[in-house]
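So the structure is just underneath, and the comments pick up after that.
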There are 2 protein chains.
Amino acid sequence: MNTISSPHLEFRQNELLAELRPLLPEEALLWEPEDTIPYECDGLAAYRQRPMAVALPQTEDQVIQILKICHQLKVPVVPRGAGTGLSGGAMPIQNGLVLSLAKFKKILEINPLARTATVQPGVRNLAISEAVAQHGLYYAPDPSSQIACTIGGNVSENSGGVHCLKYGLTIHNVLRIRAILITGEVVEFGGLAPDSPGLDLFSVFIGSEGMLAVVTEVTVKLVPKPALAKVIMASFDDIEKGGNAVADIIAAGIIPAGLEMMDQPATVAVESFVHAGYDLNAATILLCESDGTPEEVAEEIEKMSAVLQKSGATRLQVSESEAERLRFWSGRKNAFPAAGRVSPDYYCMDGTIPRRKIAELLKRIKAMEAKYQLGCMNVFHAGDGNMHPLILFNGADHQEWLRAEAFGSDILETCVELGGTITGEHGVGIEKINSMCVQFGEKERAMFWGIKESFDPGRLLNPDKAIPTLNRCADYGAMRISNGILPHPELERF
Amino acid sequence: MNTISSPHLEFRQNELLAELRPLLPEEALLWEPEDTIPYECDGLAAYRQRPMAVALPQTEDQVIQILKICHQLKVPVVPRGAGTGLSGGAMPIQNGLVLSLAKFKKILEINPLARTATVQPGVRNLAISEAVAQHGLYYAPDPSSQIACTIGGNVSENSGGVHCLKYGLTIHNVLRIRAILITGEVVEFGGLAPDSPGLDLFSVFIGSEGMLAVVTEVTVKLVPKPALAKVIMASFDDIEKGGNAVADIIAAGIIPAGLEMMDQPATVAVESFVHAGYDLNAATILLCESDGTPEEVAEEIEKMSAVLQKSGATRLQVSESEAERLRFWSGRKNAFPAAGRVSPDYYCMDGTIPRRKIAELLKRIKAMEAKYQLGCMNVFHAGDGNMHPLILFNGADHQEWLRAEAFGSDILETCVELGGTITGEHGVGIEKINSMCVQFGEKERAMFWGIKESFDPGRLLNPDKAIPTLNRCADYGAMRISNGILPHPELERF
């Protein structure tokens, strides 16, 4: 049995393997179908494709040689971290190579005085915090997948997390990147000095979804562990009141360490799974965290409580111990697996909107539930307006999946209409590539391509991800129907 | 009398004026030498050039039409704000148009709830804070020129200021930009939502020195005025101890609202000018500011004092009143004019280095003073390692000016060697364009050009600034002598 479906592909595969074999130990080059199956998708499991081969280099020099070979043979390359991404950014390409950075697991340097750590891209997000904990420091961005996801993937997606409202996204916590271009040349972006002359290649690189270069080293900023953290659980009997309370807290000049929102379907699903102690009678709950010195926390908890009460909270509960605080968060952090327990499948959206529009978006999602005949749980980073609606469906029913896809596009394009964006932290990948045609005009898309080609003129690095071609957008525009939804050709009227 | 030195230029000028006249009122189009003289340089007065013409449009539509005309006639365009820039970024081009945004002075919207203001690019930095003061808010970045410099210029240079250690550079305080491409097309970057899909065009645009598009609208973030601020003046009998104290404060987990350093030549020059109350016996002084609630300030002042003492401070003085605090800062803010009082001319550098290297750089600058036979005052944003050495010279002596130029390049290239950059906040402009060849490799410079051309394929917007051509760098490399300094052909051995 072979993955390869055509004589031409088989020829290309043999050609590639012949070049790569002398470079890599036997176990670091996979091409048999049984070996490449684990790589056929990332966290967006609905989209799958087997690659020609998977390479697992262990040294930067191997990465350089692999890229040079692919460049010469014009073989597309899909870089891959832990494969926890939710937008299909690491989905393979049939005639391409998957370049896994899984073996780049070394922590190269920890400098507690400068508060930096330099690590290889395959180091897990949480492993950085574990390695520096002895110095009272940690790495702030904390995506829900932080046990598994790698810093290289975080850089590629500009990942956030529940604490990024106060501590920033990956871009605010990374100082320097070392990466390899498709030609095998080494480049470095950023540094320890503030700002940088010339155009900001560093910011362009962060969140570029593997399309510009392959990361081989990351220097991150570390922050001191706060002495204390407490969280308020606030209940609301009306989802709009909860949405407005979020905007009220920020408008009051408070920047909570975390400000998360979950609606009743989400708390109910989670509670039976992790017993977080949520108020199941509330239409929605907010989790509002404060961290700092004990005095700062006491003052901020008091200020937030006053705002929440004024905004119509029906009940407030402040964590009394670290164990209780972690229990409150455990529910939020397990919301995605909890969705998997109450529904055969779920489809996670990642749109952002200005905070003042939270209540309006929630109302419109409610109406969409009826329209698409599917349920939706709402869990999100409310403080920075990053929504994660989880659309519940049964993938065994093909029509349900098609309706879920249309429901998702409808949510994202509503986010754009309300002044937001189609993705906050999960990336565009393959999943939201059509919605990029709605988010950006032709001029902006042409600029994306201009930048892409200054790094990768042959468009070999992670092609067909994140930036739609002008043709794709023209087709998408022609196919969209009046309500803004792209009808999949097989989707029946609903 | 005419500025135009050749029949070809005169023809081009007439051609341009004929197209622009129907668009603009008479007083908004200047071309007579007596009218264009005020535009022949910016704050870097050593470099001068008169343009073919100066246009002062008042509406976005006029900007669009002007750019379309220049695009069609292939006339280079130099955008200009208040002309306070220190790197020659707004210096005209002989066969080009200066496009002044001085008439774009409207504050378009203030939203105290969302804490944002939308303004035109010609609005002065300080005017934003004045307009929102009634809401208890202000715009944080505060370059020393903030009375005069405009937000459009701040965006183009990614300006900082004494408070940017805690509050960030322009890029951290601007949310959205509206701008016009050389083709006349309108583009918008950024927005109110966190992050943005696709490549980060917003970050590329901030600090792009007028090379990508002409800004017509800026939405900035506002922050609440802190209840209290206090500043510690700390004296050191040794400049290296002072440099290391800066790194010690940051390493102790404190992020002061401001952390500035001045050496003895600077305090002496300033004191006779503004009577700030500086310790003139100290080899160097630090100004360390704390802001927040009275409790936060008390706690932070105590923590900083302890670190400063441990780092060898010989004297600490904490401001006792708001008047005293402003007096301490008045010296720092007037350091540049003070240099102008003790020396016929001064040349201000803007290199950055990692904080741990401050003491080493200061030692090396000391040695350069002897080498180039010129004095130097050191004044800088120590907290983020952004140095402003002021080289003192007499411009009437051409050899002194040439030595000052060589001294400046030597400092900047030493910054690069120590892991820093050639500019922190003043931009590259025309002044540091050769040093860009040292800062970046050929590959990075090619990427800059790739990005530049995705915005402006004809290279008409502010050409010959900020990004050196590959040829220029080849020439510069060949001319540099062994100690890293480019000898001006007229510079005599020293």
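Letters A, B, ... mark the chains of the structure tokens in the order given; residue numbers begin at 1 per chain; ligand numbers begin at 1, in order shown.
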**Message:** Quick one: residues within 10 Å of Ala338 in chain A, only C-alpha atoms, excluding same-chain residues fewer than 4 positions away - as a list in words?
**Reply:** Ala266, Thr267, Val268, Ala269, Val270, Glu271, Ser272, Phe273, Val274, Gly331, Arg332, Lys333, Asn334, Val342 and Ser343 of chain A
Please produce a file of the residues just selected, as a compact mmCIF listing (two decimals), in the first residue's frame, where the atoms kept are N, CA, C and O atoms.
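Here's the written file part-v6.txt:
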# COMPACT_ATOMS: atom_id res chain seq x y z
N ALA A 266 -22.66 26.33 28.26
CA ALA A 266 -21.26 25.98 28.52
C ALA A 266 -21.05 25.58 29.98
O ALA A 266 -20.41 24.56 30.27
N THR A 267 -21.59 26.36 30.91
CA THR A 267 -21.38 26.01 32.33
C THR A 267 -22.02 24.67 32.66
O THR A 267 -21.45 23.86 33.40
N VAL A 268 -23.20 24.41 32.09
CA VAL A 268 -23.89 23.14 32.37
C VAL A 268 -23.05 21.97 31.85
O VAL A 268 -22.85 20.97 32.55
N ALA A 269 -22.52 22.11 30.63
CA ALA A 269 -21.73 21.03 30.04
C ALA A 269 -20.46 20.78 30.86
O ALA A 269 -20.05 19.64 31.10
N VAL A 270 -19.84 21.87 31.31
CA VAL A 270 -18.58 21.77 32.03
C VAL A 270 -18.77 21.21 33.43
O VAL A 270 -18.00 20.38 33.90
N GLU A 271 -19.84 21.66 34.10
CA GLU A 271 -20.02 21.37 35.52
C GLU A 271 -20.10 19.85 35.76
O GLU A 271 -19.51 19.33 36.70
N SER A 272 -20.83 19.16 34.87
CA SER A 272 -20.98 17.72 35.08
C SER A 272 -19.66 17.00 34.80
O SER A 272 -19.48 15.85 35.14
N PHE A 273 -18.71 17.70 34.18
CA PHE A 273 -17.44 17.10 33.77
C PHE A 273 -16.36 17.39 34.83
O PHE A 273 -15.71 16.46 35.34
N VAL A 274 -16.20 18.64 35.23
CA VAL A 274 -15.10 18.95 36.16
C VAL A 274 -15.52 19.49 37.53
O VAL A 274 -14.67 19.74 38.38
N GLY A 331 -12.84 24.77 35.07
CA GLY A 331 -14.03 24.67 34.22
C GLY A 331 -13.79 25.37 32.89
O GLY A 331 -14.03 24.81 31.81
N ARG A 332 -13.28 26.58 32.95
CA ARG A 332 -13.04 27.34 31.72
C ARG A 332 -12.03 26.63 30.83
O ARG A 332 -12.22 26.53 29.61
N LYS A 333 -10.97 26.10 31.45
CA LYS A 333 -9.91 25.48 30.65
C LYS A 333 -10.36 24.15 30.04
O LYS A 333 -9.74 23.67 29.09
N ASN A 334 -11.42 23.56 30.61
CA ASN A 334 -11.90 22.29 30.07
C ASN A 334 -13.19 22.43 29.26
O ASN A 334 -13.87 21.45 29.00
N VAL A 342 -20.91 16.55 25.43
CA VAL A 342 -22.36 16.71 25.26
C VAL A 342 -22.80 16.67 23.80
O VAL A 342 -23.98 16.66 23.51
N SER A 343 -21.85 16.64 22.90
CA SER A 343 -22.19 16.63 21.48
C SER A 343 -21.17 15.74 20.77
O SER A 343 -19.99 15.73 21.14
**Asked** Skipping near chain neighbours, those fewer than 2 positions away, what residues fall within 12 Å of Ala396 in chain A using only C-alpha atoms, listed as a list in words?
**Response**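 Counting only C-alpha atoms, the residues come to Ala46, Ser343, Pro344, Asp345, Phe393, Asn394, His398, Gln399, Glu400, Trp401 and Leu402 of chain A.
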**Item:** chain A contacts on chain B, only C-alpha atoms, 6 Å, as a ChimeraX atom specification
**Value:** /B:113,192-193,195,197,199-200,204,208,251,352-354,420,423-424,447,450-451,454
**Request:** Enumerate, as a PyMOL selection string, the complete set of residues in range 256-412 of chain B that a backbone-based DSSP assignment places in helix (DSSP H, G or I).
**Result:** chain B and resi 264-274+294-310+322-333+335-342+355-372+382-384+398-412
Please produce a file of the residues just selected, as a CSV table (one decimal), in the first residue's frame, where the atoms kept are C-alpha atoms.
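Written output follows (out.csv):
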chain,number,residue,atom,x,y,z
B,264,GLN,CA,27.9,65.2,34.8
B,265,PRO,CA,28.6,67.2,31.6
B,266,ALA,CA,24.9,67.1,30.9
B,267,THR,CA,23.7,68.0,34.4
B,268,VAL,CA,26.2,70.9,34.5
B,269,ALA,CA,25.1,72.3,31.2
B,270,VAL,CA,21.4,71.9,32.1
B,271,GLU,CA,21.6,73.3,35.6
B,272,SER,CA,22.9,76.7,34.6
B,273,PHE,CA,20.0,76.8,32.1
B,274,VAL,CA,16.9,75.6,34.0
B,294,PRO,CA,-0.6,56.7,46.6
B,295,GLU,CA,-0.1,53.3,48.1
B,296,GLU,CA,1.5,51.9,44.9
B,297,VAL,CA,3.8,54.8,44.6
B,298,ALA,CA,4.9,54.6,48.3
B,299,GLU,CA,5.7,50.9,47.9
B,300,GLU,CA,7.5,51.3,44.6
B,301,ILE,CA,9.6,54.3,45.8
B,302,GLU,CA,10.6,52.3,48.8
B,303,LYS,CA,11.6,49.3,46.7
B,304,MET,CA,13.5,51.4,44.2
B,305,SER,CA,15.4,53.3,46.9
B,306,ALA,CA,16.6,50.0,48.4
B,307,VAL,CA,17.9,48.8,45.0
B,308,LEU,CA,19.6,52.1,44.3
B,309,GLN,CA,21.3,52.2,47.6
B,310,LYS,CA,22.5,48.6,47.2
B,322,GLU,CA,4.3,68.0,42.0
B,323,ALA,CA,6.2,71.2,41.4
B,324,GLU,CA,9.5,69.6,42.5
B,325,ARG,CA,8.8,66.5,40.3
B,326,LEU,CA,8.3,68.8,37.3
B,327,ARG,CA,11.4,70.7,38.1
B,328,PHE,CA,13.5,67.5,38.2
B,329,TRP,CA,12.1,66.6,34.8
B,330,SER,CA,12.5,70.1,33.3
B,331,GLY,CA,16.2,69.5,33.3
B,332,ARG,CA,16.0,66.3,31.4
B,333,LYS,CA,13.5,67.7,28.9
B,335,ALA,CA,19.0,68.8,27.9
B,336,PHE,CA,19.1,69.2,24.1
B,337,PRO,CA,18.7,73.0,24.1
B,338,ALA,CA,21.2,73.1,27.1
B,339,ALA,CA,23.8,71.4,24.9
B,340,GLY,CA,23.2,74.2,22.4
B,341,ARG,CA,24.1,76.7,25.0
B,342,VAL,CA,27.5,75.2,25.9
B,355,ARG,CA,20.5,47.4,29.6
B,356,ARG,CA,23.4,45.3,31.0
B,357,LYS,CA,25.7,47.0,28.4
B,358,ILE,CA,25.1,50.6,29.5
B,359,ALA,CA,28.2,50.9,31.6
B,360,GLU,CA,30.3,49.3,28.9
B,361,LEU,CA,29.0,51.6,26.2
B,362,LEU,CA,29.6,54.7,28.4
B,363,LYS,CA,33.2,53.6,28.9
B,364,ARG,CA,33.8,53.2,25.2
B,365,ILE,CA,32.2,56.6,24.4
B,366,LYS,CA,34.7,58.1,27.0
B,367,ALA,CA,37.5,56.6,25.0
B,368,MET,CA,36.1,58.0,21.7
B,369,GLU,CA,36.0,61.5,23.1
B,370,ALA,CA,39.8,61.4,23.2
B,371,LYS,CA,40.1,59.7,19.8
B,372,TYR,CA,37.9,62.2,18.0
B,382,ALA,CA,18.3,54.3,30.5
B,383,GLY,CA,15.4,52.0,31.4
B,384,ASP,CA,15.0,50.8,27.9
B,398,HIS,CA,34.4,71.7,8.8
B,399,GLN,CA,37.0,69.2,10.2
B,400,GLU,CA,35.1,69.2,13.5
B,401,TRP,CA,31.8,68.4,11.8
B,402,LEU,CA,33.5,65.5,9.9
B,403,ARG,CA,35.0,64.2,13.1
B,404,ALA,CA,31.5,64.5,14.8
B,405,GLU,CA,30.0,62.5,12.0
B,406,ALA,CA,32.6,59.8,12.3
B,407,PHE,CA,32.3,59.8,16.1
B,408,GLY,CA,28.5,59.3,15.7
B,409,SER,CA,28.9,56.4,13.3
B,410,ASP,CA,31.4,54.8,15.7
B,411,ILE,CA,28.9,55.0,18.6
B,412,LEU,CA,26.1,53.5,16.5
**Prompt:** When distances are computed from only C-alpha atoms, which of A:Pro25, A:Pro226, A:Gly184, A:Gly96 shows the smallest separation from Leu67 in chain A?
**Reply:**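 That would be A:Gly184, the residue with the smallest distance to Leu67 in chain A.
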**One-decimal distance in Å that lies between CA of Arg176 in chain A and CA of Thr116 in chain A** =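 Computing the Euclidean distance for CA of Thr116 in chain A and CA of Arg176 in chain A yields 10.2 Å.
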**Prompt:** Which of these, B:Ser6, B:Ser100, B:Ser235, B:Thr170, has the shortest distance to Leu29 in chain B once you count only C-alpha atoms?
**Reply:**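 Looking only at the distances to Leu29 in chain B, the closest residue turns out to be B:Ser100.
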**Request:** Could you please determine the separation between CA of Gln13 in chain B and CA of Leu460 in chain B in Å, to one decimal place?
**Result:**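 Distance between the two atoms: 16.0 Å.
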Write out as a CSV table (one decimal) with all heavy atoms, in the first residue's frame each polymer residue whose atoms come within 12 Å of Gln134 in chain B, counting only C-alpha atoms; drop sequence neighbours fewer than 4 positions from it.
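Saved file out.csv follows:
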chain,number,residue,atom,x,y,z
B,110,ILE,N,-13.6,61.8,20.3
B,110,ILE,CA,-13.0,61.3,21.5
B,110,ILE,C,-14.1,60.4,22.1
B,110,ILE,O,-15.3,60.8,22.2
B,110,ILE,CB,-12.8,62.5,22.5
B,110,ILE,CG1,-11.7,63.4,21.9
B,110,ILE,CG2,-12.4,62.1,23.9
B,110,ILE,CD1,-11.6,64.8,22.6
B,112,PRO,N,-14.5,58.5,25.5
B,112,PRO,CA,-13.9,58.3,26.9
B,112,PRO,C,-14.2,56.9,27.4
B,112,PRO,O,-13.4,56.3,28.1
B,112,PRO,CB,-14.5,59.4,27.8
B,112,PRO,CG,-15.5,60.1,26.9
B,112,PRO,CD,-15.5,59.6,25.6
B,128,ILE,N,-3.4,66.2,22.0
B,128,ILE,CA,-4.3,65.1,22.3
B,128,ILE,C,-4.6,65.0,23.7
B,128,ILE,O,-5.7,65.0,24.2
B,128,ILE,CB,-3.8,63.8,21.7
B,128,ILE,CG1,-3.5,63.8,20.2
B,128,ILE,CG2,-4.7,62.6,22.1
B,128,ILE,CD1,-2.8,62.6,19.7
B,129,SER,N,-3.5,65.0,24.5
B,129,SER,CA,-3.7,65.0,26.0
B,129,SER,C,-4.5,66.1,26.5
B,129,SER,O,-5.3,66.0,27.4
B,129,SER,CB,-2.3,64.9,26.7
B,129,SER,OG,-1.7,63.7,26.3
B,130,GLU,N,-4.2,67.3,26.0
B,130,GLU,CA,-5.0,68.5,26.4
B,130,GLU,C,-6.5,68.3,26.1
B,130,GLU,O,-7.3,68.7,26.9
B,130,GLU,CB,-4.5,69.8,25.7
B,130,GLU,CG,-3.1,70.2,26.3
B,130,GLU,CD,-2.4,71.2,25.4
B,130,GLU,OE1,-2.9,71.5,24.2
B,130,GLU,OE2,-1.3,71.6,25.8
B,138,TYR,N,-5.1,60.7,29.2
B,138,TYR,CA,-4.0,61.3,28.4
B,138,TYR,C,-3.5,60.3,27.4
B,138,TYR,O,-3.7,59.1,27.5
B,138,TYR,CB,-3.0,61.9,29.3
B,138,TYR,CG,-2.0,60.9,29.9
B,138,TYR,CD1,-0.7,60.9,29.5
B,138,TYR,CD2,-2.4,60.1,30.9
B,138,TYR,CE1,0.2,60.0,30.1
B,138,TYR,CE2,-1.6,59.2,31.5
B,138,TYR,CZ,-0.2,59.1,31.1
B,138,TYR,OH,0.6,58.2,31.7
B,224,PRO,N,-5.7,56.4,31.7
B,224,PRO,CA,-6.1,57.2,32.8
B,224,PRO,C,-4.9,57.9,33.4
B,224,PRO,O,-3.9,57.3,33.6
B,224,PRO,CB,-6.8,56.3,33.8
B,224,PRO,CG,-6.8,54.9,33.2
B,224,PRO,CD,-5.9,54.9,32.0
B,225,LYS,N,-5.1,59.2,33.8
B,225,LYS,CA,-4.0,59.9,34.5
B,225,LYS,C,-3.8,59.2,35.8
B,225,LYS,O,-4.8,59.1,36.6
B,225,LYS,CB,-4.4,61.3,34.7
B,225,LYS,CG,-3.8,62.3,33.7
B,225,LYS,CD,-3.8,63.7,34.2
B,225,LYS,CE,-3.4,64.6,33.1
B,225,LYS,NZ,-4.3,65.7,33.0
When DSSP works through the backbone of this structure, what residues of range 348-388 of chain B end up as strand (DSSP E or B), shown as a PDB file with N, CA, C and O atoms, in the first residue's frame?
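Written file, out_26.pdb:
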ATOM      1  N   CYS B 348      23.068  64.699  17.934  1.00  0.00           N
ATOM      2  CA  CYS B 348      22.398  63.778  18.854  1.00  0.00           C
ATOM      3  C   CYS B 348      22.304  62.367  18.277  1.00  0.00           C
ATOM      4  O   CYS B 348      21.735  62.174  17.209  1.00  0.00           O
ATOM      5  N   THR B 352      20.469  52.090  20.625  1.00  0.00           N
ATOM      6  CA  THR B 352      19.941  51.317  21.750  1.00  0.00           C
ATOM      7  C   THR B 352      20.886  50.154  22.035  1.00  0.00           C
ATOM      8  O   THR B 352      21.579  49.673  21.130  1.00  0.00           O
ATOM      9  N   CYS B 376      31.390  64.997  24.723  1.00  0.00           N
ATOM     10  CA  CYS B 376      30.103  64.328  24.542  1.00  0.00           C
ATOM     11  C   CYS B 376      29.329  64.387  25.851  1.00  0.00           C
ATOM     12  O   CYS B 376      29.881  64.126  26.920  1.00  0.00           O
ATOM     13  N   MET B 377      28.051  64.760  25.778  1.00  0.00           N
ATOM     14  CA  MET B 377      27.161  64.721  26.938  1.00  0.00           C
ATOM     15  C   MET B 377      26.269  63.497  26.806  1.00  0.00           C
ATOM     16  O   MET B 377      25.777  63.220  25.713  1.00  0.00           O
ATOM     17  N   ASN B 378      26.024  62.800  27.911  1.00  0.00           N
ATOM     18  CA  ASN B 378      25.175  61.614  27.816  1.00  0.00           C
ATOM     19  C   ASN B 378      23.865  61.798  28.563  1.00  0.00           C
ATOM     20  O   ASN B 378      23.847  62.048  29.756  1.00  0.00           O
ATOM     21  N   VAL B 379      22.801  61.663  27.838  1.00  0.00           N
ATOM     22  CA  VAL B 379      21.437  61.866  28.340  1.00  0.00           C
ATOM     23  C   VAL B 379      20.637  60.744  27.724  1.00  0.00           C
ATOM     24  O   VAL B 379      20.671  60.592  26.514  1.00  0.00           O
ATOM     25  N   PHE B 380      19.949  59.931  28.528  1.00  0.00           N
ATOM     26  CA  PHE B 380      19.210  58.883  27.823  1.00  0.00           C
ATOM     27  C   PHE B 380      18.112  58.194  28.602  1.00  0.00           C
ATOM     28  O   PHE B 380      18.023  58.306  29.810  1.00  0.00           O
ATOM     29  N   HIS B 381      17.272  57.532  27.818  1.00  0.00           N
ATOM     30  CA  HIS B 381      16.206  56.692  28.348  1.00  0.00           C
ATOM     31  C   HIS B 381      16.863  55.399  28.806  1.00  0.00           C
ATOM     32  O   HIS B 381      16.850  54.387  28.110  1.00  0.00           O
ATOM     33  N   ASN B 386      17.934  53.115  25.621  1.00  0.00           N
ATOM     34  CA  ASN B 386      17.947  54.002  24.455  1.00  0.00           C
ATOM     35  C   ASN B 386      18.805  55.230  24.796  1.00  0.00           C
ATOM     36  O   ASN B 386      18.420  56.083  25.575  1.00  0.00           O
ATOM     37  N   MET B 387      20.013  55.272  24.212  1.00  0.00           N
ATOM     38  CA  MET B 387      21.017  56.274  24.555  1.00  0.00           C
ATOM     39  C   MET B 387      20.897  57.489  23.635  1.00  0.00           C
ATOM     40  O   MET B 387      20.684  57.341  22.435  1.00  0.00           O
ATOM     41  N   HIS B 388      21.085  58.676  24.209  1.00  0.00           N
ATOM     42  CA  HIS B 388      21.186  59.884  23.374  1.00  0.00           C
ATOM     43  C   HIS B 388      22.487  60.622  23.669  1.00  0.00           C
ATOM     44  O   HIS B 388      22.467  61.694  24.272  1.00  0.00           O
TER      45      HIS B 388
END
**Asked** Pick the closest to Leu17 in chain A from A:Val63, A:Ala55, A:Cys41, A:Lys68: which is it, counting only C-alpha atoms?
**Response** A:Ala55
